[in-house]
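Dumped upload_9.cif below, it's mmCIF, C-alpha atoms:
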```cif
data_entry
loop_
_atom_site.label_atom_id
_atom_site.label_comp_id
_atom_site.auth_asym_id
_atom_site.auth_seq_id
_atom_site.Cartn_x
_atom_site.Cartn_y
_atom_site.Cartn_z
CA MET K 407 -15.17 28.69 0.97
CA LYS K 408 -14.23 29.00 -2.67
CA ASN K 409 -14.32 25.24 -3.39
CA LYS K 410 -17.64 23.55 -4.04
CA ALA K 411 -18.41 20.32 -2.20
CA TYR K 412 -20.66 17.78 -3.91
CA LEU K 413 -22.91 15.28 -2.20
CA VAL K 414 -21.98 12.02 -3.93
CA ALA K 415 -21.96 8.31 -3.31
CA ASN K 416 -18.57 6.74 -2.65
CA PRO K 417 -16.48 6.04 -5.73
CA LEU K 418 -16.90 2.50 -7.03
CA THR K 419 -14.13 -0.01 -6.65
CA PRO K 420 -11.91 -1.22 -8.10
CA CYS K 421 -11.51 1.90 -10.27
CA GLN K 422 -12.86 4.01 -13.10
CA ALA K 423 -11.64 1.28 -15.55
CA VAL K 424 -11.99 3.23 -18.79
CA ILE K 425 -11.23 6.89 -19.22
CA ILE K 426 -12.55 8.91 -22.14
CA ASP K 427 -10.94 12.11 -23.35
CA PRO K 428 -13.91 14.37 -24.14
CA LYS K 429 -11.72 16.53 -26.38
CA LEU K 430 -10.94 13.57 -28.68
CA CYS K 431 -14.10 11.45 -28.44
CA ASN K 432 -16.46 11.93 -31.40
CA GLY K 433 -19.40 10.22 -29.66
CA CYS K 434 -19.68 7.37 -32.22
CA ASN K 435 -20.53 4.86 -29.46
CA ALA K 436 -18.39 2.06 -31.00
CA CYS K 437 -17.13 1.27 -27.47
CA VAL K 438 -20.70 1.09 -26.16
CA GLU K 439 -21.64 -1.38 -28.91
CA VAL K 440 -18.67 -3.65 -28.39
CA CYS K 441 -18.50 -3.75 -24.56
CA ARG K 442 -19.32 -7.28 -23.41
CA THR K 443 -20.61 -6.23 -20.00
CA ASP K 444 -22.32 -2.95 -20.93
CA VAL K 445 -20.06 -0.88 -18.74
CA LEU K 446 -20.74 2.15 -20.91
CA VAL K 447 -24.00 3.74 -21.99
CA PRO K 448 -24.53 6.30 -24.76
CA ASN K 449 -24.67 9.92 -23.76
CA PRO K 450 -28.26 11.20 -23.86
CA GLU K 451 -26.84 14.12 -25.81
CA LYS K 452 -25.93 12.96 -29.34
CA GLY K 453 -22.27 13.30 -30.31
CA LYS K 454 -21.10 13.53 -26.69
CA PRO K 455 -18.81 10.95 -25.05
CA PRO K 456 -20.48 7.82 -23.63
CA ILE K 457 -20.88 7.57 -19.85
CA VAL K 458 -18.84 5.00 -17.90
CA ILE K 459 -21.71 3.99 -15.66
CA TYR K 460 -20.80 0.48 -14.37
CA PRO K 461 -16.99 0.50 -14.08
CA ASP K 462 -17.05 -2.12 -11.28
CA GLU K 463 -18.23 -4.71 -13.83
CA CYS K 464 -15.40 -4.09 -16.31
CA TRP K 465 -13.50 -7.24 -17.35
CA PHE K 466 -10.52 -5.26 -18.64
CA GLY K 467 -10.74 -7.01 -21.99
CA GLY K 468 -9.96 -3.76 -23.79
CA CYS K 469 -12.28 -4.27 -26.77
CA CYS K 470 -13.58 -0.73 -26.22
CA VAL K 471 -10.08 0.65 -26.81
CA GLU K 472 -9.46 -1.64 -29.79
CA SER K 473 -12.74 -0.63 -31.44
CA CYS K 474 -12.22 3.10 -30.99
CA PRO K 475 -11.58 4.88 -34.30
CA VAL K 476 -9.79 7.82 -32.62
CA PRO K 477 -6.43 6.88 -31.08
CA GLY K 478 -6.18 8.09 -27.52
CA ALA K 479 -9.87 8.98 -27.13
CA ILE K 480 -10.46 6.06 -24.75
CA ARG K 481 -7.94 4.27 -22.59
CA MET K 482 -8.14 1.43 -20.12
CA GLN K 483 -6.55 1.81 -16.73
CA HIS K 484 -5.93 -1.08 -14.36
CA PRO K 485 -6.84 -0.32 -10.75
CA LEU K 486 -4.00 0.39 -8.37
CA ASN K 487 -4.39 -2.94 -6.55
CA GLN K 488 -3.89 -4.84 -9.81
CA ARG K 489 -0.79 -3.07 -11.11
CA MET K 490 2.31 -5.20 -11.37
CA GLY K 491 6.01 -4.44 -11.45
CA TRP K 492 9.03 -5.81 -13.24
CA LYS K 493 12.78 -5.92 -12.83
CA ARG K 494 15.29 -5.13 -15.56
CA LYS K 495 17.48 -8.20 -15.53
CA GLU K 496 20.83 -6.57 -16.28
CA THR K 497 20.58 -3.44 -14.17
CA GLY K 498 18.27 -4.63 -11.36
CA GLU K 499 16.12 -1.50 -11.84
CA TYR K 500 12.50 -1.92 -10.75
CA PHE K 501 9.57 -0.40 -12.61
CA ARG K 502 5.81 -0.64 -12.38
CA ILE K 503 2.57 0.30 -14.10
CA GLY K 504 1.56 3.78 -13.03
CA MET K 505 4.88 4.92 -11.56
CA LYS K 506 6.05 8.51 -11.66
CA ASN K 507 8.65 9.07 -14.38
CA PRO K 508 8.13 5.74 -16.19
CA PRO K 509 10.69 4.38 -18.66
CA PRO K 510 10.08 5.11 -22.38
CA PRO K 511 7.47 2.89 -24.11
CA ASN K 512 8.54 -0.34 -25.81
CA THR K 513 7.15 0.02 -29.34
CA LYS K 514 7.67 -3.56 -30.53
CA PRO K 515 4.35 -4.81 -31.99
CA PRO K 516 2.90 -8.26 -31.17
CA VAL K 517 4.05 -11.20 -33.27
CA GLY K 518 1.95 -11.99 -36.37
CA MET A 1203 8.79 -21.83 3.86
CA LYS A 1204 12.27 -23.17 4.60
CA GLY A 1205 14.20 -20.46 2.84
CA GLU A 1206 14.93 -22.40 -0.36
CA TYR A 1207 13.82 -19.48 -2.48
CA VAL A 1208 13.64 -15.72 -2.31
CA LEU A 1209 10.36 -13.95 -2.96
CA PRO A 1210 9.06 -12.31 -5.06
CA PHE A 1211 9.13 -14.53 -8.14
CA TYR A 1212 9.86 -13.07 -11.55
CA ALA A 1213 9.09 -14.49 -14.98
CA ASP A 1214 12.58 -14.62 -16.49
CA LEU A 1215 11.61 -13.79 -20.05
CA PRO A 1216 15.09 -12.47 -21.00
CA GLY A 1217 16.55 -15.82 -19.90
CA MET A 1218 14.51 -17.76 -22.49
CA PRO A 1219 15.54 -18.59 -26.05
CA GLU A 1220 14.22 -15.84 -28.31
CA HIS A 1221 11.69 -18.04 -30.14
CA GLU A 1222 10.11 -19.08 -26.83
CA ARG A 1223 9.92 -15.49 -25.62
CA ARG A 1224 8.35 -14.41 -28.91
CA ALA A 1225 5.84 -17.26 -28.67
CA ILE A 1226 4.88 -16.53 -25.07
CA PHE A 1227 4.85 -12.75 -24.99
CA GLY A 1228 4.73 -11.73 -28.64
CA LEU A 1229 2.26 -14.38 -29.83
CA MET A 1230 0.20 -15.62 -26.90
CA VAL A 1231 0.01 -12.51 -24.68
CA GLY A 1232 0.20 -10.24 -27.72
CA ASN A 1233 -2.75 -11.84 -29.51
CA GLU A 1234 -5.01 -13.49 -26.98
CA GLY A 1235 -8.33 -11.66 -26.61
CA LYS A 1236 -8.08 -10.48 -23.02
CA THR A 1237 -4.33 -9.90 -22.84
CA ARG A 1238 -3.60 -8.08 -26.11
CA LEU A 1239 -4.67 -4.73 -24.73
CA GLY A 1240 -4.71 -5.34 -21.01
CA VAL A 1241 -1.23 -6.81 -20.78
CA TYR A 1242 0.70 -6.46 -24.04
CA HIS A 1243 -0.34 -2.91 -24.87
CA THR A 1244 -0.54 -1.61 -21.28
CA TYR A 1245 2.81 -3.01 -20.17
CA THR A 1246 4.82 -2.24 -23.30
CA GLN A 1247 3.44 1.32 -23.29
CA ALA A 1248 4.66 1.60 -19.71
CA GLY A 1249 8.13 0.56 -20.87
CA PHE A 1250 8.12 -3.19 -20.19
CA ASP A 1251 10.51 -4.97 -22.57
CA PRO A 1252 10.56 -8.78 -22.39
CA ASP A 1253 14.02 -8.79 -23.99
CA LYS A 1254 15.32 -7.07 -20.85
CA ASP A 1255 12.68 -7.25 -18.15
CA MET A 1256 11.44 -9.91 -15.78
CA LEU A 1257 7.73 -9.54 -14.96
CA GLN A 1258 6.95 -9.93 -11.30
CA ALA A 1259 4.41 -12.39 -9.95
CA ASN A 1260 2.50 -11.07 -6.98
CA VAL A 1261 3.21 -12.69 -3.64
CA LEU A 1262 0.44 -15.15 -2.80
CA PRO A 1263 -0.17 -17.82 -0.20
CA PRO A 1264 0.69 -21.13 -1.92
CA GLN A 1265 -2.92 -22.33 -1.84
CA LEU A 1266 -3.75 -19.50 -4.24
CA ALA A 1267 -0.67 -19.50 -6.45
CA GLY A 1268 -1.45 -20.69 -9.95
CA GLN A 1269 -5.21 -20.64 -9.34
CA PHE A 1270 -7.28 -18.86 -11.93
CA VAL A 1271 -9.00 -16.60 -9.42
CA PRO A 1272 -9.23 -12.87 -8.93
CA TRP A 1273 -6.46 -12.77 -6.34
CA TRP A 1274 -6.95 -9.10 -5.58
CA ASP A 1275 -10.64 -9.39 -4.79
CA PRO A 1276 -11.49 -9.68 -1.10
CA LYS A 1277 -15.00 -10.87 -2.06
CA SER A 1278 -13.62 -13.86 -3.95
CA LYS A 1279 -13.87 -16.94 -1.74
CA LEU A 1280 -10.59 -18.56 -2.76
CA ALA A 1281 -8.60 -15.37 -2.61
CA SER A 1282 -10.10 -14.23 0.63
CA ALA A 1283 -7.02 -14.77 2.75
CA PRO A 1284 -7.37 -14.37 6.50
CA GLN A 1285 -5.91 -11.25 8.02
CA TRP A 1286 -2.58 -12.88 8.72
CA ARG A 1287 -1.18 -10.12 10.86
CA ALA A 1288 -4.14 -9.82 13.18
CA THR A 1289 -2.65 -11.54 16.20
CA ALA A 1290 0.69 -9.82 15.99
CA PHE A 1291 -1.07 -6.55 15.41
CA ILE A 1292 -2.95 -6.58 18.70
CA GLY A 1293 -0.16 -7.64 21.02
CA GLY A 1294 2.82 -6.94 18.83
CA GLY A 1295 3.67 -3.35 18.25
CA GLY A 1296 3.08 0.20 19.34
CA LEU A 1297 4.64 3.29 20.80
CA VAL A 1298 7.39 2.99 23.39
CA VAL A 1299 6.36 4.75 26.61
CA ASP A 1300 7.92 5.29 30.02
CA TRP A 1301 6.26 4.98 33.45
CA ASP A 1302 4.53 8.30 32.84
CA MET A 1303 3.06 6.77 29.63
CA LYS A 1304 5.03 9.44 27.82
CA THR A 1305 6.55 8.79 24.40
CA ASN A 1306 9.94 10.09 23.31
CA ILE A 1307 8.15 13.24 22.11
CA GLU A 1308 7.75 15.84 24.84
CA GLY A 1309 4.06 16.26 25.69
CA LEU A 1310 2.85 13.21 23.73
CA TYR A 1311 1.32 10.43 25.85
CA ALA A 1312 -0.02 7.07 24.73
CA ALA A 1313 -2.36 4.46 26.18
CA GLY A 1314 -4.08 1.15 25.43
CA ALA A 1315 -3.44 -0.59 22.13
CA GLN A 1316 -1.31 2.37 21.01
CA THR A 1317 1.46 1.26 23.35
CA ALA A 1318 3.94 -1.51 22.61
CA GLY A 1319 2.49 -4.81 23.79
CA GLY A 1320 -0.70 -3.18 25.06
CA GLY A 1321 -4.24 -4.24 24.36
CA GLY A 1322 -7.50 -5.40 25.88
CA HIS A 1323 -10.15 -3.57 27.84
CA ALA A 1324 -8.41 -3.67 31.22
CA GLY A 1325 -5.19 -2.26 29.78
CA ALA A 1326 -7.09 0.40 27.87
CA ALA A 1327 -9.08 1.58 30.88
CA SER A 1328 -6.17 1.69 33.32
CA THR A 1329 -3.56 3.18 31.00
CA GLY A 1330 -6.11 5.59 29.57
CA ARG A 1331 -6.93 7.19 32.90
CA TYR A 1332 -3.28 7.17 33.93
CA ALA A 1333 -1.98 8.68 30.68
CA GLY A 1334 -4.79 11.25 30.71
CA ARG A 1335 -3.86 12.36 34.20
CA LYS A 1336 -0.17 12.58 33.30
CA ALA A 1337 -0.94 14.55 30.15
CA ALA A 1338 -3.11 16.95 32.16
CA ASP A 1339 -0.27 17.42 34.69
CA TYR A 1340 2.08 18.18 31.83
CA ALA A 1341 -0.35 20.63 30.25
CA LYS A 1342 -0.65 22.52 33.57
CA THR A 1343 3.10 23.14 33.74
CA ALA A 1344 3.97 23.46 30.07
CA THR A 1345 4.66 26.89 28.72
CA GLU A 1346 2.29 28.20 26.10
CA GLN A 1347 3.70 27.65 22.65
CA VAL A 1348 3.62 30.38 20.07
CA ILE A 1349 1.71 29.20 17.03
CA ASP A 1350 4.13 28.58 14.21
CA ARG A 1351 2.43 30.23 11.25
CA LYS A 1352 4.72 28.53 8.76
CA GLN A 1353 3.91 25.09 10.16
CA VAL A 1354 0.18 25.81 10.06
CA ASP A 1355 0.40 27.01 6.48
CA GLU A 1356 2.35 23.94 5.41
CA GLU A 1357 -0.15 21.68 7.12
CA LYS A 1358 -3.04 23.42 5.38
CA VAL A 1359 -1.36 22.90 2.04
CA ARG A 1360 -0.88 19.20 2.83
CA VAL A 1361 -4.43 18.63 4.06
CA TYR A 1362 -6.22 20.48 1.29
CA ALA A 1363 -3.92 19.40 -1.54
CA PRO A 1364 -6.45 17.15 -3.32
CA VAL A 1365 -9.35 19.64 -3.12
CA GLY A 1366 -10.32 20.72 -6.62
CA ARG A 1367 -7.75 18.39 -8.15
CA LYS A 1368 -8.72 16.70 -11.42
CA GLY A 1369 -7.51 13.24 -10.45
CA ASP A 1370 -8.22 9.88 -12.01
CA ILE A 1371 -8.31 7.85 -8.77
CA GLY A 1372 -10.88 7.81 -5.98
CA TRP A 1373 -9.94 7.23 -2.34
CA LYS A 1374 -11.30 3.67 -2.39
CA GLU A 1375 -8.99 2.65 -5.20
CA LEU A 1376 -6.07 4.21 -3.33
CA GLN A 1377 -7.09 2.34 -0.18
CA ALA A 1378 -7.38 -1.01 -2.01
CA GLY A 1379 -3.96 -0.43 -3.56
CA ILE A 1380 -2.32 0.19 -0.17
CA CYS A 1381 -4.02 -2.92 1.25
CA ARG A 1382 -2.62 -5.09 -1.50
CA ILE A 1383 0.92 -3.78 -1.00
CA MET A 1384 0.70 -4.66 2.70
CA GLN A 1385 -0.79 -8.09 1.98
CA ASP A 1386 1.71 -8.93 -0.78
CA TYR A 1387 4.94 -7.64 0.71
CA CYS A 1388 4.31 -7.72 4.45
CA GLY A 1389 1.91 -10.66 4.79
CA GLU A 1390 2.43 -14.29 5.70
CA TYR A 1391 5.40 -14.76 3.33
CA LYS A 1392 7.92 -12.00 3.69
CA GLY A 1393 11.62 -11.40 3.70
CA GLU A 1394 14.08 -8.57 3.25
CA LYS A 1395 13.48 -8.47 -0.52
CA THR A 1396 9.67 -8.29 -0.31
CA LEU A 1397 9.72 -5.76 2.52
CA GLU A 1398 12.13 -3.47 0.69
CA LEU A 1399 10.02 -3.79 -2.45
CA GLY A 1400 6.93 -3.01 -0.38
CA LEU A 1401 8.56 0.19 0.87
CA TRP A 1402 9.45 1.06 -2.72
CA TRP A 1403 5.80 0.58 -3.73
CA LEU A 1404 4.40 2.70 -0.90
CA ASN A 1405 6.80 5.48 -1.76
CA SER A 1406 5.97 5.13 -5.45
CA ILE A 1407 2.21 5.30 -4.72
CA ARG A 1408 2.80 8.36 -2.55
CA GLU A 1409 4.48 10.25 -5.40
CA SER A 1410 2.24 8.97 -8.20
CA GLU A 1411 -1.36 7.87 -7.49
CA ALA A 1412 -1.68 9.77 -4.19
CA GLU A 1413 -0.84 12.93 -6.13
CA ARG A 1414 -3.67 12.14 -8.54
CA THR A 1415 -6.44 11.20 -6.10
CA TYR A 1416 -9.55 13.34 -6.39
CA VAL A 1417 -11.87 14.32 -3.54
CA ARG A 1418 -15.29 15.86 -4.10
CA ASN A 1419 -16.33 16.75 -0.59
CA PRO A 1420 -15.10 16.77 3.03
CA HIS A 1421 -16.09 13.11 3.47
CA GLU A 1422 -13.81 11.98 0.67
CA LEU A 1423 -11.07 14.33 1.87
CA ALA A 1424 -11.14 12.67 5.30
CA ARG A 1425 -10.94 9.20 3.71
CA PHE A 1426 -8.05 10.34 1.54
CA LEU A 1427 -6.14 11.67 4.55
CA GLU A 1428 -6.69 8.35 6.32
CA CYS A 1429 -5.11 6.62 3.33
CA MET A 1430 -2.09 8.91 3.67
CA VAL A 1431 -1.76 8.01 7.36
CA ARG A 1432 -2.14 4.31 6.54
CA MET A 1433 0.77 4.58 4.15
CA THR A 1434 2.91 6.00 6.96
CA VAL A 1435 1.74 3.27 9.34
CA GLY A 1436 2.44 0.69 6.62
CA GLU A 1437 5.98 2.03 6.31
CA ILE A 1438 6.46 1.81 10.07
CA ILE A 1439 5.26 -1.82 10.07
CA MET A 1440 7.54 -2.72 7.15
CA HIS A 1441 10.56 -1.08 8.78
CA ALA A 1442 9.81 -2.86 12.05
CA SER A 1443 9.43 -6.15 10.17
CA LEU A 1444 12.80 -5.57 8.52
CA ALA A 1445 14.36 -4.88 11.91
CA ARG A 1446 13.13 -8.19 13.39
CA ARG A 1447 15.49 -10.62 11.67
CA ALA A 1448 13.91 -13.71 13.20
CA SER A 1449 10.63 -15.59 13.03
CA SER A 1450 8.40 -15.83 16.06
CA ARG A 1451 5.55 -18.21 16.78
CA PHE A 1452 3.94 -16.15 19.51
CA LEU A 1453 4.12 -12.98 17.47
CA ASP A 1454 2.75 -14.87 14.45
CA PHE A 1455 5.65 -13.35 12.57
CA LYS A 1456 7.42 -15.28 9.83
CA ARG A 1457 10.51 -14.27 7.90
CA LEU A 1458 11.36 -16.53 4.95
CA ASP A 1459 14.99 -15.49 5.21
CA TYR A 1460 15.11 -16.20 8.98
CA PRO A 1461 12.89 -19.28 9.34
CA GLN A 1462 14.08 -20.42 12.79
CA MET A 1463 11.30 -19.83 15.30
CA ASP A 1464 12.01 -17.72 18.38
CA PRO A 1465 15.81 -17.91 18.64
CA PRO A 1466 16.71 -16.82 22.20
CA GLU A 1467 18.70 -13.74 21.14
CA TRP A 1468 15.53 -12.28 19.58
CA GLN A 1469 13.40 -12.54 22.73
CA LYS A 1470 13.14 -8.76 22.87
CA PHE A 1471 11.34 -5.76 21.44
CA VAL A 1472 12.85 -4.19 18.39
CA THR A 1473 12.32 -0.44 18.18
CA ILE A 1474 12.48 1.92 15.26
CA ARG A 1475 12.55 5.69 15.25
CA LEU A 1476 12.89 8.39 12.64
CA GLU A 1477 15.97 10.54 13.12
CA ASN A 1478 16.70 13.30 10.61
CA GLY A 1479 14.69 11.44 7.99
CA GLU A 1480 16.48 8.14 8.63
CA VAL A 1481 15.04 5.04 10.26
CA LYS A 1482 17.10 3.98 13.27
CA GLU A 1483 16.78 0.49 14.72
CA GLY A 1484 17.07 -0.20 18.41
CA GLU A 1485 15.97 -2.74 20.98
CA LEU A 1486 14.43 -3.04 24.43
CA PRO A 1487 14.11 -6.09 26.66
CA PHE A 1488 10.66 -7.62 27.11
CA GLU A 1489 9.03 -6.00 30.15
CA TYR A 1490 11.52 -3.15 29.94
CA TRP A 1491 9.19 -1.29 32.30
CA LEU A 1492 10.26 -3.68 35.09
CA LYS A 1493 13.99 -3.41 34.36
CA PRO A 1494 16.54 -0.69 35.24
CA PRO A 1495 16.22 2.26 35.44
CA TYR A 1496 12.80 1.15 36.76
CA ALA A 1497 12.08 -1.01 39.81
CA SER A 1498 11.38 -4.71 39.34
CA THR A 1499 7.73 -4.81 40.42
CA TYR A 1500 4.60 -3.05 39.19
CA LYS A 1501 3.74 -1.97 42.72
CA GLU A 1502 7.07 -0.22 43.38
CA ASN A 1503 6.93 1.59 40.04
CA TYR A 1504 3.29 2.54 40.46
CA ASP A 1505 3.93 3.94 43.93
CA GLN A 1506 6.84 5.93 42.63
CA TYR A 1507 5.33 7.30 39.41
CA CYS A 1508 1.54 7.41 39.80
CA GLY A 1509 1.62 10.80 41.49
CA LEU A 1510 -1.32 10.04 43.78
#
```
Could you write out this file's structure as structure tokens?
Amino acid sequence: MKNKAYLVANPLTPCQAVIIDPKLCNGCNACVEVCRTDVLVPNPEKGKPPIVIYPDECWFGGCCVESCPVPGAIRMQHPLNQRMGWKRKETGEYFRIGMKNPPPPNTKPPVG
Amino acid sequence: MKGEYVLPFYADLPGMPEHERRAIFGLMVGNEGKTRLGVYHTYTQAGFDPDKDMLQANVLPPQLAGQFVPWWDPKSKLASAPQWRATAFIGGGGLVVDWDMKTNIEGLYAAGAQTAGGGGHAGAASTGRYAGRKAADYAKTATEQVIDRKQVDEEKVRVYAPVGRKGDIGWKELQAGICRIMQDYCGEYKGEKTLELGLWWLNSIRESEAERTYVRNPHELARFLECMVRMTVGEIIMHASLARRASSRFLDFKRLDYPQMDPPEWQKFVTIRLENGEVKEGELPFEYWLKPPYASTYKENYDQYCGL
């Protein structure tokens, strides 16, 4: 057997909530400071990415992403059972969050 | 419930005057604390454009619609809808079998709740013994099949696909996602539009999230494979629900687009089968096992087919 099997508890629901890219994260812990429900804890090793330890308590407010100084280092991901779809009015095409081959992003910023 | 509207509902943002759309999506959603990132950023990044797109509202029982509750959360009291399909599920559907309890696949026998209309302990015990005996008889006479190496290899690839995969979804999230699709699109309030959308979602999950599910050990692999089977079963249920274009009180089956309860022409089983990748609809009379080509009583058929 070339694949290792790990003895682990079941994954938490609803999902991982926030995903950190260890290649981009500089370990500044801004997300840890700002998180309202302490979903993240600092990595015991200084400079390493924080650990997403309580993802089931995430409120999906996104302040962790907004406070991150490195674009793309942390992203929020809605769980599969909370992803919604939409219909393009003129063409009738249907899209959804998380689909394969999504349409290109809409880059219009919020008002104000 | 009387067919005055077609589900699902969409927020018709493109149909609004531009200043209203900008106020609602650009200003309110785009700036409010919890929606700026979670909705505005997430959805526009995924391609949602309020100038063109209508955002879908999930399909909810009316007692929950508009309530500020976590509608997806089975632990939430308000959102904890009963399992609407339970009654129809037990007595409603299953595999079509003949008087040998054989399915349309040579060598495959079914019993108990697996059979159409079957259920309960008495049915399980009697059909189980009977089907087991018939399957044993078949096995005694069947020729030994040569193992198809190609089929085995393909199956191994399918089963072990997620092993070692760096996915971002655990099996429980996948499972919860499938459950919501069934509840939303094939629950109490359903019609052709919701069922077809439900099939679209299951297929979309199959090619997206199911391809990104991680497993860390054999336990999680087994749970993942169950999710894959549930998606297939979900598709079968949705196709069967599409094929029954009538509501039924005793099946606890309601179609918004066909609200009339139990019209006489629908007092029958609807059947579906996969033929060359296409779903074919068919029908059988209730108690087809007591109608030609079979005899009209259980005793006559039993005497003829039981083989004892």
What residues in chain A lie within 8 Å of chain K, counting only C-alpha atoms, written as a PDB file with C-alpha atoms, keeping the file's coordinate frame?
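File part_8.pdb, as written:
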```
ATOM      1  CA  TYR A1212       9.860 -13.070 -11.550  1.00  0.00           C
ATOM      2  CA  PRO A1216      15.090 -12.470 -21.000  1.00  0.00           C
ATOM      3  CA  ARG A1224       8.350 -14.410 -28.910  1.00  0.00           C
ATOM      4  CA  ALA A1225       5.840 -17.260 -28.670  1.00  0.00           C
ATOM      5  CA  PHE A1227       4.850 -12.750 -24.990  1.00  0.00           C
ATOM      6  CA  GLY A1228       4.730 -11.730 -28.640  1.00  0.00           C
ATOM      7  CA  LEU A1229       2.260 -14.380 -29.830  1.00  0.00           C
ATOM      8  CA  GLY A1232       0.200 -10.240 -27.720  1.00  0.00           C
ATOM      9  CA  ASN A1233      -2.750 -11.840 -29.510  1.00  0.00           C
ATOM     10  CA  GLY A1235      -8.330 -11.660 -26.610  1.00  0.00           C
ATOM     11  CA  LYS A1236      -8.080 -10.480 -23.020  1.00  0.00           C
ATOM     12  CA  THR A1237      -4.330  -9.900 -22.840  1.00  0.00           C
ATOM     13  CA  LEU A1239      -4.670  -4.730 -24.730  1.00  0.00           C
ATOM     14  CA  GLY A1240      -4.710  -5.340 -21.010  1.00  0.00           C
ATOM     15  CA  TYR A1242       0.700  -6.460 -24.040  1.00  0.00           C
ATOM     16  CA  TYR A1245       2.810  -3.010 -20.170  1.00  0.00           C
ATOM     17  CA  THR A1246       4.820  -2.240 -23.300  1.00  0.00           C
ATOM     18  CA  GLN A1247       3.440   1.320 -23.290  1.00  0.00           C
ATOM     19  CA  ALA A1248       4.660   1.600 -19.710  1.00  0.00           C
ATOM     20  CA  GLY A1249       8.130   0.560 -20.870  1.00  0.00           C
ATOM     21  CA  PHE A1250       8.120  -3.190 -20.190  1.00  0.00           C
ATOM     22  CA  ASP A1251      10.510  -4.970 -22.570  1.00  0.00           C
ATOM     23  CA  LYS A1254      15.320  -7.070 -20.850  1.00  0.00           C
ATOM     24  CA  ASP A1255      12.680  -7.250 -18.150  1.00  0.00           C
ATOM     25  CA  MET A1256      11.440  -9.910 -15.780  1.00  0.00           C
ATOM     26  CA  LEU A1257       7.730  -9.540 -14.960  1.00  0.00           C
ATOM     27  CA  GLN A1258       6.950  -9.930 -11.300  1.00  0.00           C
ATOM     28  CA  ALA A1259       4.410 -12.390  -9.950  1.00  0.00           C
ATOM     29  CA  ASN A1260       2.500 -11.070  -6.980  1.00  0.00           C
ATOM     30  CA  TRP A1274      -6.950  -9.100  -5.580  1.00  0.00           C
ATOM     31  CA  VAL A1365      -9.350  19.640  -3.120  1.00  0.00           C
ATOM     32  CA  GLY A1366     -10.320  20.720  -6.620  1.00  0.00           C
ATOM     33  CA  ASP A1370      -8.220   9.880 -12.010  1.00  0.00           C
ATOM     34  CA  ILE A1371      -8.310   7.850  -8.770  1.00  0.00           C
ATOM     35  CA  GLY A1372     -10.880   7.810  -5.980  1.00  0.00           C
ATOM     36  CA  TRP A1373      -9.940   7.230  -2.340  1.00  0.00           C
ATOM     37  CA  LYS A1374     -11.300   3.670  -2.390  1.00  0.00           C
ATOM     38  CA  GLU A1375      -8.990   2.650  -5.200  1.00  0.00           C
ATOM     39  CA  LEU A1376      -6.070   4.210  -3.330  1.00  0.00           C
ATOM     40  CA  ALA A1378      -7.380  -1.010  -2.010  1.00  0.00           C
ATOM     41  CA  GLY A1379      -3.960  -0.430  -3.560  1.00  0.00           C
ATOM     42  CA  ILE A1380      -2.320   0.190  -0.170  1.00  0.00           C
ATOM     43  CA  CYS A1381      -4.020  -2.920   1.250  1.00  0.00           C
ATOM     44  CA  ARG A1382      -2.620  -5.090  -1.500  1.00  0.00           C
ATOM     45  CA  ILE A1383       0.920  -3.780  -1.000  1.00  0.00           C
ATOM     46  CA  SER A1406       5.970   5.130  -5.450  1.00  0.00           C
ATOM     47  CA  ILE A1407       2.210   5.300  -4.720  1.00  0.00           C
ATOM     48  CA  GLU A1409       4.480  10.250  -5.400  1.00  0.00           C
ATOM     49  CA  SER A1410       2.240   8.970  -8.200  1.00  0.00           C
ATOM     50  CA  GLU A1411      -1.360   7.870  -7.490  1.00  0.00           C
ATOM     51  CA  ARG A1418     -15.290  15.860  -4.100  1.00  0.00           C
ATOM     52  CA  ASN A1419     -16.330  16.750  -0.590  1.00  0.00           C
ATOM     53  CA  PRO A1420     -15.100  16.770   3.030  1.00  0.00           C
ATOM     54  CA  GLU A1422     -13.810  11.980   0.670  1.00  0.00           C
TER      55      GLU A1422
END
```
Test item: the PyMOL selection byres ((chain A and resi 1360) around 12) resolved as a ChimeraX atom specification: /A:1353-1359,1361-1365,1412-1413,1423,1426-1427,1430
For range 1323-1339 of chain A: contacts at 8 Å, only C-alpha atoms, fewer than 2 positions along chain excluded, given as a VMD selection string: chain A and resid 1302 to 1304 1309 to 1315 1320 to 1321 1341 to 1343 1508
Length of the CA of Leu1404 in chain A to CA of Leu1476 in chain A vector [Å]: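 Between CA of Leu1404 in chain A and CA of Leu1476 in chain A the gap works out to 17.0 Å.
Between CA of Glu439 in chain K and CA of Ser473 in chain K the separation is 9.3 Å.
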Hits of the PyMOL selection byres ((chain A and resi 1500-1506) around 12) in this structure, as a list in words: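 Checking the PyMOL selection byres ((chain A and resi 1500-1506) around 12) against this file, the residues are Asp1300, Trp1301, Asp1302, Met1303, Ser1328, Thr1329, Tyr1332, Glu1489, Tyr1490, Trp1491, Leu1492, Lys1493, Pro1494, Pro1495, Tyr1496, Ala1497, Ser1498, Thr1499, Tyr1507, Cys1508, Gly1509 and Leu1510 of chain A.
Note that CA of Thr1396 in chain A and CA of Val1231 in chain A are 26.6 Å apart.
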Residue members of the PyMOL selection byres ((chain K and resi 453-459) around 7) in the file shown, as a ChimeraX atom specification: /K:428,431-435,445-449,451-452,460-461
Nearby residues (only C-alpha atoms) at most 9 Å from Leu1297 in chain A, same-chain spacing under 2 positions excluded, as JSON, numbers by chain: {"A": [1295, 1299, 1305, 1306, 1312, 1313, 1316, 1317, 1318, 1319, 1473]}
Near-Arg1446 in chain A list (9 Å; all atoms listed in the file; drop same-chain fewer than 2 positions) as an MDAnalysis selection string: chainID A and resid 1441:1444 1448:1449 1457 1468 1471:1472
